[in-house]
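Novice: Following this message is one structure expressed as structure tokens.
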Amino acid sequence: MVWNRKIAHINLTSGKVQTKKISKSLRKQFLGGRGLNMYYLYQYIKPGIDPLGPENALFIGTGILTGIPALGAGRCDIAAKSPLTGAVGDSNIGGFFAPELRFAGFDHLMVTGKAEKPSYIWIHDGEVTIQDATHLWGKDTFETQDQIRSDHNDEQIKSLVIGKAGENLVRYANVRTGMKNAAGRTGMGCVMGSKNLKAIATRGTLDVEFAYPDKLLDYCSEMNNQITGSRWASAQSKWGTLIIYSNTNTTGLIRTRNFQLNLLEDGENLEPEVMDEYTIGMSGCYGCSVHCRHRYVLKDGPYAPLFGEGPEYTSLGAFGTMVGCKKMETVLVGNHLVNKYGIDTLEVGGIIAWVMELNEKGLLSEKLTDGLNLEWGNEEAVFELIKRISKREGDLGNILADGFLPAIAKIGKESEYYAMQIKGMSNLHSDERPTPSLALGIATSTRGAEHLRSRPAIDLYGLPEELLEEIYGAPMSSDYTSYEGKSRMVWWQELLYAVTDSIGICKFQTVFCAVHAPKFEEFSKLIEYTSALKISKPELMEIGERIITTERMFNNREGFSRKDDKLPERFFKEPTTLGLPIIKGKKIEKGRFNTMIDEYYSLHGWDNNGVPSEETLKRLGLENKYSMNS
Amino acid sequence: MMKESIEIIFTATFREITKKRKIIEEINEDCTFERILTRLVKKYGNDFNNVINSQTGKISSDILIMLNGKGIRDIDEKIKDKDVLIFSLPVGGG
């Protein structure tokens, strides 16, 4: 049964490893993946610790559905106190690592302390050991994975690794597996680097027993058929998330030149079909029937030959629209560099776009430019900055490697206005000024500006209000420029994604892309067939609340509150200047936005400062904050 | 006198079918989305028929049709001079 999978406590300072059972009662409260990670994060990390010190802990978690043949059930959640924001650090990664870890006998890992020398953790069929990684230090993310497979003479080994950025403690270094999968956000690769931990590698051949295998396989088959038969999946399997660009760059829901314009004029060369010229096939993660990842080859030009995987829509913004570059080749090279160095594409793109605007506004001294020509569209400067940041080379590279907030302190107070960050983390290149629901989501996300925590993408589709009421459980406007009912939409999506990240499936295969994609009802069945655990839709929603409230408690303990659930001032002061009539001239109205935050807090049962009430803590079983029931 | 016209933008599957990113269509008074769709079926084939959910008679919820940036569901939606109509698919992500 899936219940027999354990947690390994790995102390890198002492070299000791302890394996423990995960109690069923804890599973019922937090499921697995992000949920359990948040429980452990709150329990084990003392308030106010240095995220780069040995007292920070790194948590790795598979989901309760990990290993089933559907819905991309290969997701893994990685958490720690974030060295970028000081708040909840949490990032989710696809690929094949999580099922392999489960096959090796473990669902969760807790890594504490700091190794004396470069090390990696090796997990093989119930055994956990700490190995020397001196020969891996300095290698890029691809080479590291190859070397570990070669060392063990086993091509089936799956690894979570860091690259140069993680080794150099870039505060938004990420954790990677395969060619392209990344736990991209909040600097989890930096935490690994701070522990001298180059990789976690695993190989498992232990069976996973599911409660009702026949029912499970039939239902997985039904899910897969539903998804492969849908229009959105067939489009994603051809163009991946790049397809979003066609919509956003037609309507005006995209950021260009940092935050100055909301359409990229003459941006045809970034249209998704341009990728056809470079794509040699599509690949997917474990248990996925969509396959949304391009494998590409750059045969000609100064950066050829180059073989890579991706890019996502995020990289299209990072190395395209936000920095004023208009060629797909630029995006492909930038994407390859961040994959190789192990650095968050969104953060690095956002911070480069920011310094380009500072340069334009005369707010960056010539000395600080380090001899780089930071004019919009200069791809050479973009590539050079990715390298310098990852290696902490030069003054500018070193300053930017620490993230927005320390960089603002060094560059000057005036630069803050142009930094498109929330809680110290860069936002996606979407422009949320015309869409209050999307704006509320990025402001209130527990991990900083972020579209994958609560984004109600279906708000953009103009769905019938009866259908919206059926999904979200209360009346709301179908107009995406409206504020009416949107707090509930964000709250509901936030619960759904918290559960999604805790059962270990892909968000794209939920009510993110399409109304009829799986949601709580389908999750209930899958959990029962997998584990025999009966959890109803309302109970799942309550688990979602428990997870989000635990994240909120962690952040409150670190000093975060309502003052941090904010948007950059530009959202309120500068209306959009381009786009279709419904979008042009839009900005967020501060009064109505504050009302949305009040409503959102109220739905969660938090007070008007964003602190969970005693009644809410009691209802969710979190009343004893320092020793939650396990 | 200038004829009235609208801009139709195709993305994703619709771009594949039409082999075009954008076309300009002349319109008459009292034009509706249904009339435009009928024209597109004639021009580009039956794939455009699937835009309508035959059970509800409305635009299918797994298709995204935007009129001047706003998602629409009713086929009798009025279309007027200088409107921008986008044929797309609902896809989220990042």
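Residues in the structure tokens are named by chain (A, B, ... in the order shown) and by number from 1 within that chain; ligands are numbered from 1 in the order shown.
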Would you please extract all alpha helix (DSSP H) residues from chain B, as assigned by DSSP on the backbone, and give them as a PDB file with N, CA and C atoms, in the first residue's frame?
Specialist:
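Okay, out_19.pdb is ready:
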ATOM      1  N   ALA B  12      -3.732  29.184 -32.861  1.00  0.00           N
ATOM      2  CA  ALA B  12      -3.717  27.736 -32.594  1.00  0.00           C
ATOM      3  C   ALA B  12      -4.298  26.943 -33.763  1.00  0.00           C
ATOM      4  N   THR B  13      -5.217  26.039 -33.462  1.00  0.00           N
ATOM      5  CA  THR B  13      -5.795  25.149 -34.470  1.00  0.00           C
ATOM      6  C   THR B  13      -6.420  25.932 -35.622  1.00  0.00           C
ATOM      7  N   PHE B  14      -7.049  27.047 -35.304  1.00  0.00           N
ATOM      8  CA  PHE B  14      -7.714  27.831 -36.351  1.00  0.00           C
ATOM      9  C   PHE B  14      -6.697  28.420 -37.333  1.00  0.00           C
ATOM     10  N   ARG B  15      -5.529  28.735 -36.818  1.00  0.00           N
ATOM     11  CA  ARG B  15      -4.469  29.245 -37.686  1.00  0.00           C
ATOM     12  C   ARG B  15      -3.974  28.129 -38.613  1.00  0.00           C
ATOM     13  N   GLU B  16      -3.936  26.922 -38.080  1.00  0.00           N
ATOM     14  CA  GLU B  16      -3.525  25.764 -38.884  1.00  0.00           C
ATOM     15  C   GLU B  16      -4.526  25.509 -40.007  1.00  0.00           C
ATOM     16  N   ILE B  17      -5.803  25.616 -39.681  1.00  0.00           N
ATOM     17  CA  ILE B  17      -6.857  25.324 -40.667  1.00  0.00           C
ATOM     18  C   ILE B  17      -6.859  26.375 -41.774  1.00  0.00           C
ATOM     19  N   THR B  18      -6.782  27.638 -41.364  1.00  0.00           N
ATOM     20  CA  THR B  18      -6.928  28.717 -42.350  1.00  0.00           C
ATOM     21  C   THR B  18      -5.609  29.088 -43.029  1.00  0.00           C
ATOM     22  N   PHE B  33     -22.458  36.985 -35.007  1.00  0.00           N
ATOM     23  CA  PHE B  33     -21.362  36.013 -35.004  1.00  0.00           C
ATOM     24  C   PHE B  33     -21.732  34.807 -35.870  1.00  0.00           C
ATOM     25  N   GLU B  34     -22.992  34.407 -35.806  1.00  0.00           N
ATOM     26  CA  GLU B  34     -23.426  33.227 -36.570  1.00  0.00           C
ATOM     27  C   GLU B  34     -23.212  33.444 -38.071  1.00  0.00           C
ATOM     28  N   ARG B  35     -23.509  34.635 -38.521  1.00  0.00           N
ATOM     29  CA  ARG B  35     -23.327  34.919 -39.956  1.00  0.00           C
ATOM     30  C   ARG B  35     -21.852  34.848 -40.347  1.00  0.00           C
ATOM     31  N   ILE B  36     -21.017  35.374 -39.496  1.00  0.00           N
ATOM     32  CA  ILE B  36     -19.569  35.314 -39.768  1.00  0.00           C
ATOM     33  C   ILE B  36     -19.115  33.858 -39.804  1.00  0.00           C
ATOM     34  N   LEU B  37     -19.613  33.091 -38.853  1.00  0.00           N
ATOM     35  CA  LEU B  37     -19.212  31.682 -38.767  1.00  0.00           C
ATOM     36  C   LEU B  37     -19.645  30.921 -40.028  1.00  0.00           C
ATOM     37  N   THR B  38     -20.825  31.193 -40.503  1.00  0.00           N
ATOM     38  CA  THR B  38     -21.319  30.534 -41.721  1.00  0.00           C
ATOM     39  C   THR B  38     -20.372  30.822 -42.886  1.00  0.00           C
ATOM     40  N   ARG B  39     -19.920  32.056 -42.959  1.00  0.00           N
ATOM     41  CA  ARG B  39     -18.975  32.432 -44.018  1.00  0.00           C
ATOM     42  C   ARG B  39     -17.655  31.668 -43.880  1.00  0.00           C
ATOM     43  N   LEU B  40     -17.193  31.549 -42.641  1.00  0.00           N
ATOM     44  CA  LEU B  40     -15.916  30.865 -42.413  1.00  0.00           C
ATOM     45  C   LEU B  40     -16.030  29.369 -42.733  1.00  0.00           C
ATOM     46  N   VAL B  41     -17.184  28.786 -42.459  1.00  0.00           N
ATOM     47  CA  VAL B  41     -17.393  27.365 -42.800  1.00  0.00           C
ATOM     48  C   VAL B  41     -17.296  27.198 -44.314  1.00  0.00           C
ATOM     49  N   LYS B  42     -17.905  28.123 -45.043  1.00  0.00           N
ATOM     50  CA  LYS B  42     -17.850  28.054 -46.512  1.00  0.00           C
ATOM     51  C   LYS B  42     -16.423  28.191 -47.018  1.00  0.00           C
ATOM     52  N   LYS B  43     -15.685  29.102 -46.389  1.00  0.00           N
ATOM     53  CA  LYS B  43     -14.321  29.385 -46.840  1.00  0.00           C
ATOM     54  C   LYS B  43     -13.326  28.305 -46.444  1.00  0.00           C
ATOM     55  N   TYR B  44     -13.437  27.860 -45.203  1.00  0.00           N
ATOM     56  CA  TYR B  44     -12.366  27.015 -44.646  1.00  0.00           C
ATOM     57  C   TYR B  44     -12.811  25.606 -44.253  1.00  0.00           C
TER      58      TYR B  44
END
Novice: I'd like the contact shell of Arg388 (chain A) - 8 Å cut-off, only C-alpha atoms, skipping same-chain residues fewer than 4 positions apart - returned as a ChimeraX atom specification.
Specialist: /A:384,392-394,397-398
Novice: Would you export the selected residues with C-alpha atoms as a PDB file, in the first residue's frame, please?
Specialist:
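That gives us part.pdb:
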ATOM      1  CA  GLU A 384      26.011  37.844 -20.733  1.00  0.00           C
ATOM      2  CA  ARG A 392      28.338  36.075  -9.618  1.00  0.00           C
ATOM      3  CA  GLU A 393      30.809  37.772 -11.947  1.00  0.00           C
ATOM      4  CA  GLY A 394      31.298  41.551 -11.887  1.00  0.00           C
ATOM      5  CA  GLY A 397      26.098  40.222 -11.818  1.00  0.00           C
ATOM      6  CA  ASN A 398      26.833  39.929  -8.112  1.00  0.00           C
TER       7      ASN A 398
END
Novice: Distance limit 8 Å, atoms considered: only C-alpha atoms. Which chain A residues sit that close to chain B? Return them as a PyMOL selection string.
Specialist: chain A and resi 230-232+235-236+241+243-244+246-247+251+312-314+428+451-452+457-458+460-464+479-480+508+512-515+580-583
Novice: Which residues are close to region 470-473 of chain A, i.e. within 8 Å by only C-alpha atoms, leaving aside same-chain residues fewer than 2 positions away? Reply as a VMD selection string.
Specialist: chain A and resid 466 to 468 475 488 to 489 492
Novice: Store the residues picked out above in a file with N, CA and C atoms, as a CSV table (one decimal), in the first residue's frame.
Specialist:
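File produced: part_37.csv:
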chain,number,residue,atom,x,y,z
A,466,GLU,N,-23.8,31.1,-15.1
A,466,GLU,CA,-24.4,29.9,-14.4
A,466,GLU,C,-23.3,28.9,-14.2
A,467,LEU,N,-22.4,28.7,-15.3
A,467,LEU,CA,-21.4,27.8,-15.2
A,467,LEU,C,-20.3,28.2,-14.1
A,468,LEU,N,-20.0,29.4,-14.1
A,468,LEU,CA,-19.1,29.9,-13.1
A,468,LEU,C,-19.6,29.7,-11.7
A,475,PRO,N,-22.4,33.4,-7.0
A,475,PRO,CA,-22.5,34.2,-8.2
A,475,PRO,C,-21.3,35.1,-8.4
A,488,ARG,N,-13.6,35.2,-4.5
A,488,ARG,CA,-14.0,33.8,-4.3
A,488,ARG,C,-13.3,32.9,-5.4
A,489,MET,N,-13.3,33.4,-6.6
A,489,MET,CA,-12.6,32.7,-7.7
A,489,MET,C,-11.2,32.4,-7.3
A,492,TRP,N,-10.9,29.9,-4.4
A,492,TRP,CA,-11.3,28.5,-4.8
A,492,TRP,C,-10.1,27.9,-5.6
Novice: Skipping near chain neighbours, those fewer than 6 positions away, what residues fall within 8 Å of Lys82 (chain B) using only C-alpha atoms, listed as JSON, numbers by chain?
Specialist: {"B": [4, 5, 6, 7]}
Novice: Atoms to include: C-alpha atoms. Write the selected residues as a short mmCIF file (atom, residue, chain, number, x, y, z; two decimals), in the first residue's frame.
Specialist:
data_model
loop_
_atom_site.label_atom_id
_atom_site.label_comp_id
_atom_site.auth_asym_id
_atom_site.auth_seq_id
_atom_site.Cartn_x
_atom_site.Cartn_y
_atom_site.Cartn_z
CA GLU B 4 -17.84 48.29 -42.93
CA SER B 5 -15.35 45.61 -42.01
CA ILE B 6 -13.99 43.60 -39.11
CA GLU B 7 -10.66 42.00 -38.33
#
Novice: Could you write out, as a ChimeraX atom specification, all the residues of chain B that DSSP marks as strand (DSSP E)?
Specialist: /B:5-10,22-26,31-32,64-67,70-71,78-79,84-88
Novice: Env of region 401-404 of chain A: 8 Å cut, atoms = only C-alpha atoms, seq-sep filter 4 positions within chain, self excluded. Answer as a PDB file with C-alpha atoms, in the first residue's frame.
Specialist:
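Output (out-v3.pdb):
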ATOM      1  CA  LEU A  84      14.958  35.078  -2.019  1.00  0.00           C
ATOM      2  CA  VAL A 170      22.365  32.901  -6.394  1.00  0.00           C
ATOM      3  CA  ARG A 171      19.223  33.482  -4.375  1.00  0.00           C
ATOM      4  CA  TYR A 172      16.942  32.333  -7.182  1.00  0.00           C
ATOM      5  CA  GLU A 347      13.404  35.832 -11.954  1.00  0.00           C
ATOM      6  CA  ILE A 351      15.578  41.413 -13.104  1.00  0.00           C
ATOM      7  CA  ILE A 389      24.502  36.424 -12.450  1.00  0.00           C
ATOM      8  CA  SER A 390      24.857  32.620 -12.393  1.00  0.00           C
ATOM      9  CA  ARG A 392      28.338  36.075  -9.618  1.00  0.00           C
ATOM     10  CA  GLY A 397      26.098  40.222 -11.818  1.00  0.00           C
ATOM     11  CA  ILE A 408      17.118  47.942  -4.777  1.00  0.00           C
ATOM     12  CA  ALA A 419      10.884  46.635  -9.906  1.00  0.00           C
ATOM     13  CA  GLN A 421       8.186  42.216  -7.769  1.00  0.00           C
ATOM     14  CA  GLY A 424      10.858  40.176  -3.373  1.00  0.00           C
ATOM     15  CA  MET A 425       9.934  37.813  -6.207  1.00  0.00           C
ATOM     16  CA  SER A 426       9.498  38.707  -9.879  1.00  0.00           C
TER      17      SER A 426
END
Novice: Neighbours of Thr550 (chain A) within 8 Å (only C-alpha atoms; same-chain residues fewer than 5 positions away dropped), as a ChimeraX atom specification?
Specialist: /A:38-39,42,622
Novice: Quick one: residues within 9 Å of Asn28 (chain B), only C-alpha atoms, excluding same-chain residues fewer than 2 positions away - as a PyMOL selection string?
Specialist: chain B and resi 3-5+26+30-31+80-81
